[in-house]
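So this block is target.txt, compact mmCIF, C-alpha atoms:
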# COMPACT_ATOMS: atom_id res chain seq x y z
CA MET A 1 14.99 -44.10 -11.14
CA PRO A 2 14.42 -42.14 -14.39
CA PRO A 3 11.90 -39.28 -14.31
CA GLN A 4 8.31 -40.19 -15.14
CA PRO A 5 6.95 -38.20 -18.12
CA THR A 6 3.51 -37.75 -16.55
CA ALA A 7 5.02 -36.41 -13.32
CA LEU A 8 7.22 -34.01 -15.30
CA ALA A 9 4.19 -32.75 -17.26
CA ASP A 10 2.30 -32.14 -14.01
CA ALA A 11 5.29 -30.28 -12.55
CA HIS A 12 5.53 -28.21 -15.74
CA TRP A 13 1.86 -27.18 -15.43
CA LYS A 14 2.28 -26.25 -11.75
CA ALA A 15 5.31 -24.13 -12.64
CA LEU A 16 3.32 -22.29 -15.34
CA GLN A 17 0.45 -21.68 -12.92
CA ALA A 18 2.89 -20.27 -10.36
CA LYS A 19 4.51 -18.09 -13.08
CA ARG A 20 7.85 -19.84 -12.61
CA ARG A 21 8.49 -19.74 -16.33
CA GLY A 22 12.20 -20.53 -16.21
CA GLN A 23 11.53 -23.72 -14.29
CA ALA A 24 8.71 -24.59 -16.70
CA GLU A 25 11.01 -24.17 -19.70
CA ALA A 26 13.63 -26.47 -18.14
CA LEU A 27 10.98 -29.13 -17.57
CA LEU A 28 9.75 -28.75 -21.16
CA VAL A 29 13.29 -29.32 -22.44
CA GLU A 30 13.46 -32.49 -20.35
CA LEU A 31 10.11 -33.65 -21.74
CA ARG A 32 11.32 -33.01 -25.30
CA GLY A 33 14.21 -35.35 -24.62
CA LEU A 34 11.90 -38.07 -23.35
CA GLY A 35 9.32 -37.62 -26.13
CA GLY A 36 11.64 -37.66 -29.13
CA GLU A 37 11.39 -39.95 -32.15
CA GLY A 38 10.71 -43.54 -31.13
CA ALA A 39 9.42 -42.61 -27.66
CA ASP A 40 6.56 -44.58 -26.16
CA SER A 41 3.00 -43.26 -26.07
CA THR A 42 3.20 -42.14 -22.42
CA ALA A 43 6.15 -39.86 -23.09
CA CYS A 44 4.58 -38.47 -26.27
CA ARG A 45 1.30 -37.73 -24.49
CA ALA A 46 3.14 -35.96 -21.67
CA LEU A 47 5.05 -33.87 -24.21
CA ALA A 48 1.82 -33.01 -26.05
CA HIS A 49 0.22 -31.93 -22.77
CA ALA A 50 3.17 -29.71 -21.95
CA LEU A 51 3.39 -28.16 -25.43
CA SER A 52 -0.34 -27.34 -25.38
CA ARG A 53 -0.06 -25.70 -21.97
CA ALA A 54 3.11 -23.83 -22.91
CA HIS A 55 1.28 -22.54 -26.01
CA TRP A 56 -1.56 -21.27 -23.80
CA ASP A 57 0.94 -19.61 -21.46
CA ALA A 58 2.78 -17.90 -24.33
CA GLY A 59 -0.52 -16.46 -25.53
CA ASN A 60 -1.23 -15.11 -22.04
CA TRP A 61 2.10 -13.29 -22.10
CA ALA A 62 1.46 -11.98 -25.64
CA GLU A 63 4.46 -13.89 -26.99
CA ASP A 64 3.04 -14.47 -30.45
CA ALA A 65 6.21 -15.81 -32.07
CA ARG A 66 6.75 -18.33 -29.27
CA ALA A 67 3.10 -19.40 -29.37
CA ARG A 68 3.30 -20.06 -33.12
CA SER A 69 6.55 -21.99 -32.69
CA LEU A 70 5.05 -24.20 -29.98
CA LEU A 71 1.97 -24.83 -32.11
CA ASP A 72 4.18 -25.87 -35.04
CA GLU A 73 6.08 -28.21 -32.71
CA LEU A 74 2.81 -29.75 -31.54
CA ARG A 75 1.68 -30.18 -35.16
CA ALA A 76 4.94 -31.98 -35.96
CA LEU A 77 4.51 -34.27 -32.94
CA CYS A 78 0.99 -35.18 -34.11
CA ARG A 79 2.20 -36.05 -37.62
CA ARG A 80 4.14 -39.05 -36.35
CA PRO A 81 2.70 -42.43 -37.42
CA THR A 82 2.36 -43.50 -33.77
CA THR A 83 0.34 -40.44 -32.70
CA ASP A 84 -2.83 -41.27 -30.76
CA GLU A 85 -6.08 -39.33 -30.34
CA ALA A 86 -5.09 -38.03 -26.89
CA GLN A 87 -2.19 -36.16 -28.47
CA ARG A 88 -4.44 -34.83 -31.24
CA PHE A 89 -6.83 -33.58 -28.54
CA GLU A 90 -3.99 -31.46 -27.13
CA LEU A 91 -3.36 -30.16 -30.65
CA ALA A 92 -7.07 -29.34 -30.99
CA LYS A 93 -7.01 -27.35 -27.74
CA ALA A 94 -4.00 -25.34 -28.91
CA LEU A 95 -5.64 -24.72 -32.29
CA GLY A 96 -8.79 -23.53 -30.52
CA THR A 97 -6.81 -21.08 -28.40
CA ALA A 98 -4.93 -19.78 -31.43
CA HIS A 99 -8.17 -19.47 -33.41
CA TRP A 100 -9.82 -17.28 -30.77
CA ASP A 101 -6.73 -15.06 -30.58
CA ALA A 102 -6.79 -14.66 -34.36
CA VAL A 103 -10.54 -13.88 -34.34
CA ARG A 104 -10.46 -11.27 -31.60
CA TYR A 105 -7.38 -9.54 -33.00
CA GLY A 106 -8.86 -9.32 -36.48
CA ASP A 107 -6.57 -11.78 -38.31
CA ALA A 108 -9.32 -13.27 -40.49
CA PRO A 109 -7.09 -15.31 -42.87
CA ARG A 110 -5.30 -17.02 -39.99
CA ALA A 111 -8.58 -17.62 -38.15
CA ALA A 112 -9.99 -19.31 -41.26
CA ARG A 113 -6.91 -21.54 -41.62
CA LEU A 114 -7.02 -22.60 -37.96
CA LEU A 115 -10.76 -23.29 -38.11
CA GLY A 116 -10.12 -25.38 -41.22
CA GLU A 117 -7.51 -27.41 -39.30
CA LEU A 118 -10.01 -28.02 -36.52
CA ARG A 119 -12.63 -29.13 -39.04
CA ASN A 120 -10.18 -31.57 -40.62
CA LEU A 121 -9.31 -33.03 -37.21
CA SER A 122 -12.95 -33.41 -36.22
CA LYS A 123 -14.31 -34.98 -39.39
CA ARG A 124 -11.99 -37.99 -39.23
CA GLY A 125 -13.68 -41.26 -38.31
CA LYS A 126 -11.33 -41.74 -35.34
CA ALA A 127 -11.83 -38.21 -34.02
CA THR A 128 -12.92 -38.02 -30.38
CA GLU A 129 -15.85 -36.04 -29.05
CA GLY A 130 -13.34 -33.94 -27.15
CA GLN A 131 -11.82 -32.80 -30.45
CA ARG A 132 -15.29 -32.02 -31.77
CA LEU A 133 -16.02 -30.07 -28.59
CA VAL A 134 -13.07 -27.80 -29.32
CA LEU A 135 -14.48 -27.24 -32.82
CA ALA A 136 -17.92 -26.44 -31.35
CA GLU A 137 -16.41 -23.88 -28.99
CA ALA A 138 -14.38 -22.34 -31.81
CA LEU A 139 -17.51 -22.02 -33.96
CA ALA A 140 -19.36 -20.40 -31.02
CA ASN A 141 -16.49 -17.98 -30.45
CA GLU A 142 -16.44 -16.93 -34.08
CA ILE A 143 -20.24 -16.55 -34.17
CA ARG A 144 -19.99 -14.27 -31.15
CA HIS A 145 -17.43 -12.09 -32.91
CA GLN A 146 -19.00 -12.09 -36.37
CA GLY A 147 -22.45 -11.35 -34.93
CA GLY A 148 -21.13 -8.30 -33.10
CA PRO A 149 -20.67 -4.73 -34.36
CA ARG A 150 -17.15 -5.40 -35.70
CA GLY A 151 -17.94 -8.70 -37.37
CA ASP A 152 -19.12 -9.87 -40.79
CA ALA A 153 -22.83 -10.68 -40.41
CA ALA A 154 -22.83 -12.68 -43.65
CA ARG A 155 -20.62 -15.32 -42.04
CA VAL A 156 -22.90 -15.96 -39.07
CA GLU A 157 -25.49 -18.27 -40.64
CA PRO A 158 -22.99 -20.70 -42.26
CA LEU A 159 -21.10 -20.94 -38.98
CA LEU A 160 -24.33 -21.42 -37.03
CA LYS A 161 -25.45 -24.12 -39.46
CA ASP A 162 -22.19 -26.02 -38.88
CA LEU A 163 -22.55 -25.68 -35.11
CA ARG A 164 -26.15 -26.93 -35.23
CA LEU A 165 -25.13 -29.98 -37.26
CA LEU A 166 -22.37 -30.75 -34.78
CA ALA A 167 -24.50 -30.25 -31.65
CA ARG A 168 -27.59 -32.08 -32.92
CA ARG A 169 -25.86 -35.40 -33.53
CA PRO A 170 -27.36 -38.14 -31.30
CA HIS A 171 -24.03 -38.81 -29.60
CA ALA A 172 -22.93 -35.19 -29.25
CA LEU A 173 -21.65 -34.18 -25.82
CA GLU A 174 -23.86 -31.83 -23.84
CA GLU A 175 -20.90 -29.43 -23.72
CA GLN A 176 -21.21 -29.14 -27.51
CA ARG A 177 -24.86 -28.18 -27.05
CA ASP A 178 -23.72 -25.69 -24.40
CA ALA A 179 -21.64 -24.04 -27.12
CA LEU A 180 -24.71 -23.87 -29.40
CA ALA A 181 -26.78 -22.34 -26.58
CA ARG A 182 -24.08 -19.74 -25.94
CA ALA A 183 -23.93 -18.83 -29.63
CA LEU A 184 -27.71 -18.49 -29.89
CA LEU A 185 -27.79 -16.30 -26.78
CA ASP A 186 -24.99 -14.05 -28.08
CA LEU A 187 -26.87 -13.55 -31.35
CA HIS A 188 -30.10 -12.92 -29.46
CA HIS A 189 -28.52 -10.17 -27.35
CA VAL A 190 -27.15 -8.45 -30.45
CA ALA A 191 -30.40 -8.54 -32.47
CA ARG A 192 -33.16 -9.13 -29.94
CA ARG A 193 -35.63 -6.95 -31.85
CA ASP A 194 -35.23 -8.79 -35.16
CA SER A 195 -37.88 -11.18 -36.45
CA SER A 196 -35.48 -14.05 -35.71
CA ALA A 197 -35.35 -13.28 -31.96
CA GLU A 198 -38.39 -15.37 -31.10
CA GLN A 199 -37.07 -18.25 -33.22
CA ARG A 200 -33.81 -18.22 -31.26
CA VAL A 201 -35.73 -18.28 -27.99
CA GLU A 202 -37.74 -21.26 -29.27
CA GLU A 203 -34.55 -23.05 -30.26
CA LEU A 204 -33.02 -22.36 -26.85
CA GLY A 205 -36.24 -23.62 -25.29
CA ALA A 206 -35.99 -26.87 -27.22
CA LEU A 207 -32.46 -27.35 -25.86
CA ALA A 208 -33.23 -26.31 -22.28
CA ARG A 209 -36.42 -28.31 -21.79
CA ARG A 210 -34.82 -31.68 -22.46
CA ALA A 211 -34.40 -33.91 -19.40
CA GLU A 212 -30.64 -34.04 -19.95
CA ALA A 213 -30.22 -30.28 -20.47
CA THR A 214 -27.32 -28.74 -18.55
CA PRO A 215 -27.40 -25.67 -16.25
CA PRO A 216 -25.76 -23.43 -18.89
CA GLN A 217 -28.48 -24.36 -21.42
CA ARG A 218 -31.29 -23.64 -18.97
CA LEU A 219 -29.69 -20.39 -17.86
CA ALA A 220 -29.31 -19.31 -21.50
CA LEU A 221 -33.06 -19.73 -21.96
CA VAL A 222 -33.80 -17.54 -18.91
CA GLU A 223 -31.37 -14.88 -20.17
CA ALA A 224 -32.97 -14.86 -23.61
CA MET A 225 -36.56 -14.81 -22.35
CA GLN A 226 -35.96 -11.87 -20.04
CA ASP A 227 -34.28 -9.99 -22.89
CA VAL A 228 -37.11 -10.45 -25.41
CA PRO A 229 -39.09 -7.23 -26.08
CA TRP A 230 -42.43 -7.58 -24.28
CA LYS A 231 -45.36 -6.91 -26.59
CA ALA A 232 -48.47 -6.95 -24.37
CA GLY A 233 -49.13 -5.09 -21.14
CA LEU A 234 -46.24 -3.90 -19.02
CA PHE A 235 -44.24 -7.08 -19.32
CA GLY A 236 -46.14 -9.32 -21.63
CA SER A 237 -49.11 -11.56 -21.07
CA ARG A 238 -49.58 -13.66 -17.94
CA ALA A 239 -48.76 -16.73 -20.00
CA ARG A 240 -45.44 -15.21 -21.01
CA GLN A 241 -44.62 -14.30 -17.42
CA ASP A 242 -45.51 -17.81 -16.29
CA ALA A 243 -43.23 -19.25 -18.98
CA LEU A 244 -40.33 -17.16 -17.68
CA ILE A 245 -40.93 -18.22 -14.08
CA THR A 246 -41.10 -21.86 -15.22
CA ALA A 247 -37.76 -21.47 -16.97
CA VAL A 248 -36.30 -19.90 -13.84
CA ARG A 249 -37.51 -22.82 -11.70
CA ALA A 250 -35.91 -25.30 -14.11
CA SER A 251 -32.66 -23.36 -13.98
CA GLU A 252 -32.82 -23.29 -10.18
CA SER A 253 -33.01 -27.07 -9.95
CA ALA A 254 -30.22 -27.50 -12.50
CA SER A 255 -27.90 -25.03 -10.75
CA ALA A 256 -28.50 -26.19 -7.16
CA GLY A 257 -25.07 -27.82 -6.97
CA GLY A 258 -23.09 -25.30 -9.03
CA ARG A 259 -21.96 -22.08 -7.39
CA ARG A 260 -21.03 -20.24 -10.59
CA THR A 261 -24.29 -21.06 -12.39
CA ARG A 262 -26.26 -20.09 -9.29
CA GLU A 263 -24.50 -16.71 -9.17
CA LEU A 264 -25.19 -16.11 -12.88
CA LEU A 265 -28.86 -16.96 -12.39
CA CYS A 266 -29.05 -14.54 -9.44
CA ASP A 267 -27.47 -11.79 -11.54
CA THR A 268 -29.98 -12.40 -14.33
CA LEU A 269 -32.89 -12.21 -11.90
CA VAL A 270 -31.56 -8.99 -10.38
CA ARG A 271 -31.48 -7.36 -13.83
CA MET A 272 -34.95 -8.65 -14.68
CA HIS A 273 -36.37 -7.54 -11.33
CA GLY A 274 -35.06 -4.00 -11.78
CA LYS A 275 -36.45 -3.86 -15.32
CA VAL A 276 -39.90 -4.95 -14.15
CA ARG A 277 -39.95 -2.59 -11.14
CA ARG A 278 -38.98 0.31 -13.38
CA ALA A 279 -41.95 -0.48 -15.62
CA GLY A 280 -44.31 -0.49 -12.62
CA ASP A 281 -45.34 -4.16 -12.77
CA ASP A 282 -44.97 -4.79 -9.05
CA ALA A 283 -46.94 -8.05 -9.01
CA PHE A 284 -44.56 -9.71 -11.48
CA ALA A 285 -41.55 -8.12 -9.77
CA ASP A 286 -42.63 -9.69 -6.48
CA ARG A 287 -42.75 -13.10 -8.16
CA ILE A 288 -39.21 -12.64 -9.46
CA LEU A 289 -38.02 -11.50 -6.04
CA ASP A 290 -39.59 -14.59 -4.48
CA ARG A 291 -37.64 -16.81 -6.88
CA LEU A 292 -34.45 -14.99 -5.93
CA ARG A 293 -35.16 -15.51 -2.22
CA THR A 294 -35.72 -19.23 -2.86
CA ILE A 295 -32.31 -19.53 -4.52
CA VAL A 296 -30.45 -17.55 -1.87
CA VAL A 297 -31.91 -18.75 1.44
CA ARG A 298 -30.08 -22.07 1.46
CA PRO A 299 -27.23 -23.39 3.61
CA GLU A 300 -24.89 -23.59 0.61
CA ALA A 301 -25.51 -20.01 -0.56
CA ASP A 302 -22.47 -17.72 -0.32
CA ILE A 303 -22.13 -13.98 0.10
CA GLY A 304 -22.30 -13.41 -3.66
CA SER A 305 -25.87 -14.75 -3.78
CA TRP A 306 -26.86 -12.75 -0.70
CA LEU A 307 -25.43 -9.59 -2.26
CA ALA A 308 -27.59 -10.23 -5.32
CA LEU A 309 -30.67 -10.50 -3.12
CA ALA A 310 -29.75 -7.31 -1.25
CA THR A 311 -29.30 -5.49 -4.56
CA ALA A 312 -32.72 -6.64 -5.78
CA VAL A 313 -34.42 -5.62 -2.54
CA CYS A 314 -32.73 -2.22 -2.75
CA ASP A 315 -33.96 -1.88 -6.35
CA GLY A 316 -37.46 -2.69 -5.16
CA LEU A 317 -37.19 0.21 -2.74
CA TRP A 318 -35.74 3.02 -4.80
CA ILE A 319 -35.95 2.27 -8.52
CA ARG A 320 -39.34 3.98 -8.89
CA GLY A 321 -38.32 6.96 -6.77
CA THR A 322 -39.74 5.99 -3.36
CA PHE A 323 -38.77 4.21 -0.16
CA SER A 324 -42.36 3.61 0.91
CA ASN A 325 -42.29 -0.21 1.05
CA ARG A 326 -41.53 -0.84 4.73
CA ASP A 327 -41.39 -4.62 4.33
CA LEU A 328 -38.61 -4.34 1.77
CA ALA A 329 -36.87 -1.70 3.89
CA GLU A 330 -36.81 -4.04 6.89
CA GLU A 331 -35.63 -6.93 4.73
CA LEU A 332 -32.80 -4.82 3.32
CA VAL A 333 -31.60 -3.85 6.81
CA GLU A 334 -31.75 -7.48 7.97
CA ILE A 335 -29.69 -8.71 5.00
CA LEU A 336 -27.10 -5.95 5.31
CA ALA A 337 -26.82 -6.52 9.06
CA LEU A 338 -26.08 -10.17 8.30
CA LEU A 339 -23.55 -9.40 5.58
CA THR A 340 -21.67 -6.90 7.73
CA GLY A 341 -21.15 -9.57 10.37
CA GLN A 342 -18.27 -12.02 10.43
CA VAL A 343 -18.87 -13.74 7.09
CA GLU A 344 -16.47 -15.18 4.55
CA ALA A 345 -16.10 -12.92 1.50
CA SER A 346 -13.58 -12.15 -1.22
CA ALA A 347 -12.05 -8.68 -1.57
CA ARG A 348 -14.28 -7.98 -4.56
CA GLN A 349 -17.40 -9.03 -2.65
CA ARG A 350 -16.49 -6.82 0.32
CA ILE A 351 -16.03 -3.85 -2.00
CA GLY A 352 -19.40 -4.65 -3.61
CA LEU A 353 -21.00 -4.71 -0.16
CA ALA A 354 -19.38 -1.39 0.71
CA GLY A 355 -20.77 0.15 -2.48
CA LEU A 356 -24.23 -1.22 -1.75
CA LEU A 357 -24.18 0.25 1.76
CA VAL A 358 -23.10 3.65 0.47
CA GLY A 359 -25.62 3.71 -2.37
CA ALA A 360 -28.56 2.52 -0.28
CA HIS A 361 -27.89 5.07 2.48
CA HIS A 362 -27.46 7.93 -0.02
CA ARG A 363 -30.75 7.10 -1.73
CA ALA A 364 -32.59 6.76 1.58
CA VAL A 365 -31.42 10.24 2.57
CA ARG A 366 -32.37 11.71 -0.81
CA HIS A 367 -35.86 10.29 -0.42
CA GLU A 368 -36.07 11.64 3.14
CA ASP A 369 -36.64 8.28 4.81
CA GLY A 370 -35.25 9.14 8.22
CA LEU A 371 -35.73 5.72 9.83
CA LEU A 372 -34.11 3.74 7.04
CA SER A 373 -31.27 6.22 6.53
CA LYS A 374 -30.43 6.06 10.26
CA GLU A 375 -30.33 2.24 10.26
CA LEU A 376 -28.21 2.15 7.11
CA LEU A 377 -25.81 4.80 8.47
CA THR A 378 -25.34 2.72 11.63
CA LEU A 379 -24.35 -0.28 9.49
CA LEU A 380 -22.16 1.87 7.23
CA HIS A 381 -20.35 3.35 10.22
CA ALA A 382 -19.75 -0.07 11.82
CA TRP A 383 -18.45 -1.48 8.54
CA ALA A 384 -16.20 1.55 7.94
CA VAL A 385 -14.35 1.53 11.27
CA ARG A 386 -13.40 -2.16 11.21
CA PRO A 387 -9.65 -2.60 11.76
CA GLU A 388 -9.55 -5.34 9.08
CA ALA A 389 -11.07 -3.22 6.29
CA ALA A 390 -8.87 -3.19 3.18
CA ALA A 391 -7.64 0.05 1.60
CA GLU A 392 -10.09 -0.22 -1.32
CA GLU A 393 -13.00 -0.78 1.06
CA ARG A 394 -12.00 2.20 3.19
CA GLU A 395 -11.91 4.39 0.10
CA VAL A 396 -15.50 3.46 -0.83
CA LEU A 397 -16.76 3.67 2.76
CA ALA A 398 -15.02 6.98 3.38
CA HIS A 399 -16.85 8.37 0.36
CA GLY A 400 -20.12 7.16 1.89
CA LEU A 401 -19.33 8.79 5.21
CA GLN A 402 -18.43 12.03 3.47
CA LEU A 403 -21.80 11.99 1.70
CA ALA A 404 -23.49 11.31 5.03
CA ASP A 405 -21.57 14.23 6.55
CA GLU A 406 -22.79 16.52 3.76
CA HIS A 407 -26.37 15.37 4.29
CA ALA A 408 -26.12 15.95 8.06
CA ARG A 409 -24.67 19.45 7.63
CA ALA A 410 -27.33 20.32 5.04
CA ARG A 411 -30.00 19.38 7.60
CA GLY A 412 -28.21 21.29 10.34
CA ASP A 413 -27.60 18.16 12.41
CA LYS A 414 -24.27 19.20 13.97
CA GLY A 415 -24.22 16.30 16.45
CA LEU A 416 -24.45 13.68 13.70
CA ALA A 417 -21.91 15.55 11.58
CA ALA A 418 -19.46 15.53 14.51
CA LYS A 419 -19.89 11.74 14.97
CA ILE A 420 -19.34 11.13 11.26
CA GLY A 421 -16.25 13.33 11.29
CA ALA A 422 -14.88 11.34 14.23
CA ALA A 423 -15.52 8.11 12.31
CA LEU A 424 -13.64 9.44 9.30
CA ASP A 425 -10.72 10.42 11.52
CA GLY A 426 -10.75 7.04 13.24
CA MET A 427 -10.48 4.78 10.19
CA VAL A 428 -7.39 2.60 10.73
CA PRO A 429 -4.99 0.61 8.47
CA ALA A 430 -6.19 -2.68 6.97
CA GLN A 431 -5.54 -6.07 8.55
CA ALA A 432 -6.45 -9.65 7.63
CA PRO A 433 -10.24 -10.32 7.78
CA GLN A 434 -11.89 -13.04 9.86
CA ALA A 435 -14.82 -15.24 8.83
CA ASN A 436 -17.40 -17.74 10.02
CA GLY A 437 -20.57 -19.40 8.80
CA GLN A 438 -23.37 -17.00 9.80
CA LEU A 439 -24.98 -17.14 6.34
CA ALA A 440 -25.35 -20.91 6.45
CA GLU A 441 -26.69 -20.78 10.02
CA LEU A 442 -29.35 -18.24 9.06
CA ALA A 443 -30.37 -20.21 5.97
CA ALA A 444 -30.61 -23.44 7.92
CA SER A 445 -32.86 -21.87 10.53
CA SER A 446 -35.20 -20.13 8.07

When written as structure tokens, how does the structure in this file appear?
Amino acid sequence: MPPQPTALADAHWKALQAKRRGQAEALLVELRGLGGEGADSTACRALAHALSRAHWDAGNWAEDARARSLLDELRALCRRPTTDEAQRFELAKALGTAHWDAVRYGDAPRAARLLGELRNLSKRGKATEGQRLVLAEALANEIRHQGGPRGDAARVEPLLKDLRLLARRPHALEEQRDALARALLDLHHVARRDSSAEQRVEELGALARRAEATPPQRLALVEAMQDVPWKAGLFGSRARQDALITAVRASESASAGGRRTRELLCDTLVRMHGKVRRAGDDAFADRILDRLRTIVVRPEADIGSWLALATAVCDGLWIRGTFSNRDLAEELVEILALLTGQVEASARQRIGLAGLLVGAHHRAVRHEDGLLSKELLTLLHAWAVRPEAAAEEREVLAHGLQLADEHARARGDKGLAAKIGAALDGMVPAQAPQANGQLAELAASS
């Protein structure tokens, strides 16, 4: 039975993902044979898929000459009279990738040519919304670059006008409006004190408050609102604070089923909470912290969300130079005790937890909170001597124990210093970690 083009294209993609590039090249050669002149649409689509993915892979390996050659081959394939829109979509994706590479590496003439090709593809009557989505993302990428410190500010408004026209069509995909929201947010971050900042927030609000608005659009509004300079009181008027909390609630409901969006929302709230605490507006900070708790204390929440909550609680304790809030201190210990149990976490998350333990203990000691520093040191010690701790974790935790040792010696506590020294000596090589569902159990019972 002859090889099926679709199966070969899938195998080619799996080989690229596994970095088996020799095998991928052999499969691409086979697909070229099947997708030559006169081939049926299935074989041509499979070849277009493979060429687009091979172009992406060549860019990842910084093989510029190969990437350009593959793009030319894909262009030639799409010039055939029998080419369909699915093949042109693969060409659009490759053009979008090449455009972003040209933009970020400062090749303005090539970026302009590639963007022109994307425009020509998208303005045809038969063009698909997928092709127009690639154009929208390319426009957003260029706006991000041109609006930045190394870009040409004069080019931003024409590009933004084109993106608005594309995204405001009645039948535009929501992903195209996501690209507009991302572009508006990027511009807002760069020039948030300009007179146009409020207008961008209003435009983002118009996008995010629609019933069909997506999680990225609603999150972009929260990001922009918390980044607007506050003009009245510590953090604006009560009405402005209420508007931000309302936007957060809308983003919560939109991100309930999406882990990545939920994590981004948590990160945004952590930054906002620290900013408000630093300004001394504790009442508003408590409202933000309550929203963060609502997002995190759910059965589906993972360790990343819990780490965000722990970071915010820690900020509430120390960011104004005091550890006097006993309620927050107890909450921090409870969360860290949970997270240092047998929970599922990535290597990066475990290192983040180690850093949080070290930082929280060090600050508690500096602020002479004996009770909290003792509880945090107990958790730090238990987390440091685990047999399964990775080398990177042990490096961070060992630094924390060394700081604790210095603090103990400075206070003349020889007994504690001896215990810490023994812990440092007893740290063992890393092994594979174990995991279970303690976070979900706690959330379900709360």

Sorted by chain and rising residue number, which residues of stretch 70-175 of chain A lie within 12 Å of stretch 207-213 of chain A, and what are their closest atom pairs and distances in Å to one decimal, counting all atoms listed in the file, as CSV?
residue,atom,partner,partner_atom,distance
A:Arg164,CA,A:Leu207,CA,11.3
A:Ala167,CA,A:Leu207,CA,10.3
A:Arg168,CA,A:Leu207,CA,9.8
A:Leu173,CA,A:Glu212,CA,10.7
A:Glu174,CA,A:Ala213,CA,7.4
A:Glu175,CA,A:Ala213,CA,9.9

Record the distance separating atom CA of A:Pro81 and atom CA of A:Gly36, expressed in Å with one decimal.
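Computing it gives 13.1 Å between the two atoms.
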
Could you pull the residues within 12 Å of A:Glu117, counting all atoms listed in the file, minus those fewer than 6 positions along the same chain, as a list in words?
Arg75, Arg88, Leu91, Ala92, Lys93, Ala94, Leu95, Gly96, Ala98, His99, Arg110, Ala111, Lys123, Arg124, Gln131, Arg132, Val134, Leu135 and Ala138 of chain A

Point (10.4, -40.3, -35.3) neighbourhood (12 Å, only C-alpha atoms) written as a ChimeraX atom specification:
/A:35-40,44,76-83

From A:Gln176, A:Val358, A:His49, A:His55, residue lying nearest A:Glu395 [all atoms listed in the file]
A:Val358

Using all atoms listed in the file, give me every residue within 10 Å of (-34.1, -4.3, -7.1) in file coordinates, as a PyMOL selection string.
chain A and resi 269-278+285+289+308-320+328

Those same residues - C-alpha atoms - I'd like them written as a PDB file, in the coordinates of the input.
ATOM      1  CA  LEU A 269     -32.890 -12.210 -11.900  1.00  0.00           C
ATOM      2  CA  VAL A 270     -31.560  -8.990 -10.380  1.00  0.00           C
ATOM      3  CA  ARG A 271     -31.480  -7.360 -13.830  1.00  0.00           C
ATOM      4  CA  MET A 272     -34.950  -8.650 -14.680  1.00  0.00           C
ATOM      5  CA  HIS A 273     -36.370  -7.540 -11.330  1.00  0.00           C
ATOM      6  CA  GLY A 274     -35.060  -4.000 -11.780  1.00  0.00           C
ATOM      7  CA  LYS A 275     -36.450  -3.860 -15.320  1.00  0.00           C
ATOM      8  CA  VAL A 276     -39.900  -4.950 -14.150  1.00  0.00           C
ATOM      9  CA  ARG A 277     -39.950  -2.590 -11.140  1.00  0.00           C
ATOM     10  CA  ARG A 278     -38.980   0.310 -13.380  1.00  0.00           C
ATOM     11  CA  ALA A 285     -41.550  -8.120  -9.770  1.00  0.00           C
ATOM     12  CA  LEU A 289     -38.020 -11.500  -6.040  1.00  0.00           C
ATOM     13  CA  ALA A 308     -27.590 -10.230  -5.320  1.00  0.00           C
ATOM     14  CA  LEU A 309     -30.670 -10.500  -3.120  1.00  0.00           C
ATOM     15  CA  ALA A 310     -29.750  -7.310  -1.250  1.00  0.00           C
ATOM     16  CA  THR A 311     -29.300  -5.490  -4.560  1.00  0.00           C
ATOM     17  CA  ALA A 312     -32.720  -6.640  -5.780  1.00  0.00           C
ATOM     18  CA  VAL A 313     -34.420  -5.620  -2.540  1.00  0.00           C
ATOM     19  CA  CYS A 314     -32.730  -2.220  -2.750  1.00  0.00           C
ATOM     20  CA  ASP A 315     -33.960  -1.880  -6.350  1.00  0.00           C
ATOM     21  CA  GLY A 316     -37.460  -2.690  -5.160  1.00  0.00           C
ATOM     22  CA  LEU A 317     -37.190   0.210  -2.740  1.00  0.00           C
ATOM     23  CA  TRP A 318     -35.740   3.020  -4.800  1.00  0.00           C
ATOM     24  CA  ILE A 319     -35.950   2.270  -8.520  1.00  0.00           C
ATOM     25  CA  ARG A 320     -39.340   3.980  -8.890  1.00  0.00           C
ATOM     26  CA  LEU A 328     -38.610  -4.340   1.770  1.00  0.00           C
TER      27      LEU A 328
END

Any idea what's packed within 12 Å of A:Val365, counting only C-alpha atoms, ignoring anything in its chain fewer than 5 positions away? Could you give it as an mmCIF file with C-alpha atoms, in the coordinates of the input?
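As written to disk, around.cif reads:
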data_model
loop_
_atom_site.group_PDB
_atom_site.id
_atom_site.type_symbol
_atom_site.label_atom_id
_atom_site.label_comp_id
_atom_site.auth_asym_id
_atom_site.auth_seq_id
_atom_site.Cartn_x
_atom_site.Cartn_y
_atom_site.Cartn_z
ATOM 1 C CA TRP A 318 -35.740 3.020 -4.800
ATOM 2 C CA THR A 322 -39.740 5.990 -3.360
ATOM 3 C CA PHE A 323 -38.770 4.210 -0.160
ATOM 4 C CA VAL A 358 -23.100 3.650 0.470
ATOM 5 C CA GLY A 359 -25.620 3.710 -2.370
ATOM 6 C CA ALA A 360 -28.560 2.520 -0.280
ATOM 7 C CA GLY A 370 -35.250 9.140 8.220
ATOM 8 C CA LEU A 371 -35.730 5.720 9.830
ATOM 9 C CA LEU A 372 -34.110 3.740 7.040
ATOM 10 C CA SER A 373 -31.270 6.220 6.530
ATOM 11 C CA LYS A 374 -30.430 6.060 10.260
ATOM 12 C CA GLU A 375 -30.330 2.240 10.260
ATOM 13 C CA LEU A 376 -28.210 2.150 7.110
ATOM 14 C CA LEU A 377 -25.810 4.800 8.470
ATOM 15 C CA GLY A 400 -20.120 7.160 1.890
ATOM 16 C CA LEU A 403 -21.800 11.990 1.700
ATOM 17 C CA ALA A 404 -23.490 11.310 5.030
ATOM 18 C CA ASP A 405 -21.570 14.230 6.550
ATOM 19 C CA GLU A 406 -22.790 16.520 3.760
ATOM 20 C CA HIS A 407 -26.370 15.370 4.290
ATOM 21 C CA ALA A 408 -26.120 15.950 8.060
ATOM 22 C CA ALA A 410 -27.330 20.320 5.040
ATOM 23 C CA ARG A 411 -30.000 19.380 7.600
#
